[in-house]
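The structure appears right after this line, and notes come after that.
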Amino acid sequence: MIAGVQPESTQPSRHPAREVWTQAWPTVLTMVSYTLMQFVDSLMVSKVGALQVAAVGNGGIWAFAPQSFLFGFLSIVNTFVAQNVGAGRREGAARYGWAGLWLGVASWLLIMLPWALMLPWFFAWMGHSPQLQRMELQYGLVLAYGSIAGLVGKSMSNFFFGLQRPRVITIAAILGNVTNVLLNYVLIYGSDGLPSWGLPGVPFVPPLGVLGAAIATVCGTMVEAALPLGLFLFGQLSRELRVRESWRPRVHELIELVRLGWPVSIQFGNEIICWAIFMTVLVGQFGEMHLTAGWATLRYMHLSFMPAVGFSVATTALVGKYIGAGKPDVAANRAHWAVGMATVYMSACGLCMALFRGPLIGVFVSEADPAVASEVIAIGSRLMVCAAIFQTFDAVGIAYTGALRGAGDTLVPGIATIVLSWGVIVGLGAWLVSAHPALSSTGPWIAASAYIILYGAVVAWRFERGAWRKIRLLEPTPAAV
């Protein structure tokens, strides 16, 4: 059997809610990690100026856009490792862990480094003000060059999720976020400190603002990747799984990650690209205050849906394990529990967004000119209502997507994302901007709400139809034959 996974691990002796929560809570904390880093970046640079919030958002999303395609491939490491765990195949889990690492390193060299070289031209093409453009480029370049840490960390996190050991990644995420917060304070404010809060500066350190926030995020991501990578290569787990014996790149495993992962890659990447166009182009044409309000709203959205993504990742691992063990009915039961738990959480977040929308937006403009702050809060309050409306539907879509991924059913969600994201987020959003300009930035947000509601309905229908029960990813063992 896989190290740390007992023979009875696929016998559902615990209450389903407890099993889902046991797997999910470390994953939830982990999924919040990168989002929390960017939330903290935005919050801390907002003490320098409101425009910095928009710069961090624009720079971050375009630096992350090609990386999101790569994360789609790496997420399938979870599926294959989990199914090997369920089937009791130790050697298969280690091989897919290595396949994720090699794919991450190759992607950084062949995709992320060339993209970093293109970013100066790209931000100039968007036509934002010179001051905003300069800060966007600072933040985006550092994140693009430092993306190797995120790619390695993503491959390792999916390995440990599939191995049913999410707490390793949780500890790493906590360490990474602590590093990010401390370095943010040192590098953003430097020797100036934060006088409005009565906090002293750090002698001899120049205040770097947005650039400092980017450096701190990359350093935090490096710390977060280091712990699971060390355990994978050198710990007791490495010896039990004979990890270092499997280090050579294997064509079969790499092809399997690409074969099953390309729809997920297209799904992740297209959605990020469409959201980037949505924010920087559709919302951005209404001015910098609309951008600041939009990114403040998105930061709260991220804090809402990333825990649901944690439930999704946990569902992928549980569904994969039970399918590997030949128990599809148990897999479906755990998926339904995960959907319910994610829905309760995100619905509560939606209620908070609706009730406290003004004060929540105000957090990001507390140091701004009163007239600017008032306008950003007014814009952001309207956008928070849109976000509140679709929280429940977003939870359904996110959790069911994880369940389908655990079964290897990735094509239909990928197609649905492509069609709906371009047709609704971009297409409908652009039409609302053109035909109803009086709605201003609220128009694109109405389109985004429609997209999330439609996507949730499609993936729920797909899972309940049950076509995933016929998919077989692992070849049967000789004994089973």
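Identifiers for the structure tokens are assigned positionally: chains receive A, B, ... in sequence, residues are indexed from 1 per chain, and ligands are indexed from 1 in the order shown.
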
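Non-sequential neighbours of stretch 36-39 of chain A (distance at most 7 Å, separation of 6 or more positions within a chain, only C-alpha atoms) are Asn177, Asn180, Thr217 and Arg299 of chain A.
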
(message) Just want the 9 Å neighbourhood of A:Leu29, counted on only C-alpha atoms, with same-chain residues fewer than 5 positions away dropped. Output as a ChimeraX atom specification.
(response) /A:24,169-170,173-174,306-307,310

Could you write out the selected residues, including C-alpha atoms, as a PDB file, in the first residue's frame?
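Contents of out.pdb, freshly written:
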```pdb
ATOM      1  CA  ALA A  24     -10.719  19.767   2.928  1.00  0.00           C
ATOM      2  CA  ILE A 169       0.904  21.959   2.222  1.00  0.00           C
ATOM      3  CA  THR A 170      -1.040  23.830   4.903  1.00  0.00           C
ATOM      4  CA  ALA A 173       1.285  27.926   3.109  1.00  0.00           C
ATOM      5  CA  ILE A 174       1.314  29.430   6.604  1.00  0.00           C
ATOM      6  CA  MET A 306     -10.573  30.141  -2.943  1.00  0.00           C
ATOM      7  CA  PRO A 307     -11.758  28.165   0.118  1.00  0.00           C
ATOM      8  CA  GLY A 310      -9.992  24.033  -1.528  1.00  0.00           C
TER       9      GLY A 310
END
```

(request) Tell me, as a PyMOL selection string, which residues lie within 8 Å of stretch 320-324 of chain A, counting only C-alpha atoms; anything in the same chain fewer than 2 positions away does not count. (result) chain A and resi 10+79-80+82-87+316-318+326-328+330-331+406-407+474

Quick one: residues within 9 Å of stretch 17-22 of chain A, only C-alpha atoms, excluding same-chain residues fewer than 6 positions away - as an mmCIF file with N, CA and C atoms, in the first residue's frame?
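Saved file selection.cif follows:
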```cif
data_model
loop_
_atom_site.group_PDB
_atom_site.id
_atom_site.type_symbol
_atom_site.label_atom_id
_atom_site.label_comp_id
_atom_site.auth_asym_id
_atom_site.auth_seq_id
_atom_site.Cartn_x
_atom_site.Cartn_y
_atom_site.Cartn_z
ATOM 1 N N PHE A 311 -12.204 23.046 -1.261
ATOM 2 C CA PHE A 311 -13.150 21.930 -1.269
ATOM 3 C C PHE A 311 -13.091 21.185 -2.606
ATOM 4 N N ALA A 314 -9.965 19.021 -2.640
ATOM 5 C CA ALA A 314 -10.191 17.881 -1.747
ATOM 6 C C ALA A 314 -11.146 16.878 -2.386
ATOM 7 N N THR A 315 -12.153 17.376 -3.085
ATOM 8 C CA THR A 315 -13.104 16.496 -3.760
ATOM 9 C C THR A 315 -12.422 15.717 -4.871
ATOM 10 N N LEU A 318 -10.611 12.888 -3.092
ATOM 11 C CA LEU A 318 -11.506 11.858 -2.556
ATOM 12 C C LEU A 318 -12.187 11.068 -3.668
ATOM 13 N N ARG A 334 -19.439 11.621 -1.624
ATOM 14 C CA ARG A 334 -18.499 12.604 -1.084
ATOM 15 C C ARG A 334 -18.543 13.900 -1.895
ATOM 16 N N ALA A 335 -18.766 13.766 -3.193
ATOM 17 C CA ALA A 335 -18.886 14.967 -4.027
ATOM 18 C C ALA A 335 -20.090 15.803 -3.603
ATOM 19 N N TRP A 337 -21.535 15.936 -0.684
ATOM 20 C CA TRP A 337 -21.269 16.585 0.607
ATOM 21 C C TRP A 337 -20.362 17.805 0.426
ATOM 22 N N ALA A 338 -19.356 17.668 -0.444
ATOM 23 C CA ALA A 338 -18.445 18.794 -0.671
ATOM 24 C C ALA A 338 -19.174 19.972 -1.309
ATOM 25 N N MET A 341 -21.214 21.726 1.447
ATOM 26 C CA MET A 341 -20.396 22.482 2.398
ATOM 27 C C MET A 341 -19.838 23.758 1.753
#
```

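The neighbours of A:Phe64 here are the residues that come within 8 Å of it, using only C-alpha atoms and leaving out any residue fewer than 3 positions away in the same chain; they are Gly60, Ile61, Gln67, Ser68, Leu143 and Ala144 of chain A.
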
(request) May I ask which of the residues A:Leu351, A:Val433, A:Leu257, A:Ala172 is the closest one to A:Thr410, counting only C-alpha atoms? (result)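 Of all the options, A:Leu257 lies closest to A:Thr410.
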
(request) Compare A:Val48, A:Ala457, A:Met118, A:Leu199 by their minimum atom-to-atom distance to A:Thr417, counting only C-alpha atoms, and give me the closest one. (result) A:Ala457

(message) Just checking: using only C-alpha atoms, which residue out of A:Ala448, A:Leu404, A:Val372, A:Ala460 ends up closest to A:Ile389?
(response) A:Ala448

(request) Determine which residues of stretch 82-221 of chain A receive a DSSP assignment of alpha helix (DSSP H), computed from the backbone, and state them as a PyMOL selection string. (result) chain A and resi 82-87+90-107+113-126+130-145+147-162+167-184+210-221

(message) List the spatial neighbours of A:Thr179 as an MDAnalysis selection string - criterion: any atom at most 10 Å away, only C-alpha atoms, same-chain residues fewer than 3 positions off excluded.
(response) chainID A and resid 37 173:176 182:184 216:224

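You can rank A:Leu231, A:Ala94, A:Pro200, A:Phe71 by their closest distance to A:Ser155 using only C-alpha atoms, and at the top of that list sits A:Phe71.
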
(request) Can you work out which one of A:Phe204, A:Tyr189, A:Phe232, A:Trp445 has the shortest atom-to-atom distance to A:Gly294, counting only C-alpha atoms? (result) A:Trp445

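In terms of minimum interatomic distance to A:Leu229, A:Leu101 ranks closest within A:Leu101, A:Leu43, A:Ala124, A:Ile273, counting only C-alpha atoms.
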
Contact table stretch 263-347 of chain A vs stretch 354-371 of chain A, cut-off 9 Å, shortest pair per residue, only C-alpha atoms, as CSV:
```
residue,atom,partner,partner_atom,distance
A:Thr292,CA,A:Phe364,CA,8.5
A:Ala293,CA,A:Ile361,CA,7.2
A:Ala296,CA,A:Ile361,CA,6.2
A:Thr297,CA,A:Ile361,CA,7.0
A:Tyr300,CA,A:Leu360,CA,8.4
```

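Taking only C-alpha atoms, the non-local environment of A:Tyr455 within 10 Å (same-chain residues fewer than 2 positions away omitted) comprises Phe393, Asp394, Val396, Gly397, Ile398, Thr401, Pro413, Ala416, Thr417, Val419, Leu420, Ser421, Ala450, Tyr451, Ile452, Ile453, Ala457, Val458, Val459, Ala460 and Trp461 of chain A.
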
(request) Using atom CA of A:Met289 and atom CA of A:Glu375 as the two end points, give the distance in Å to one decimal. (result)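 Interatomic distance, atom CA of A:Met289 to atom CA of A:Glu375: 7.4 Å.
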
(request) Please measure the separation of atom CA of A:Gly92 and atom CA of A:Leu110, giving the value in Å to one decimal. (result) 26.8 Å

(message) What does the structure give for the distance between atom CA of A:Gly414 and atom CA of A:Asn58, in Å to one decimal?
(response) 24.8 Å
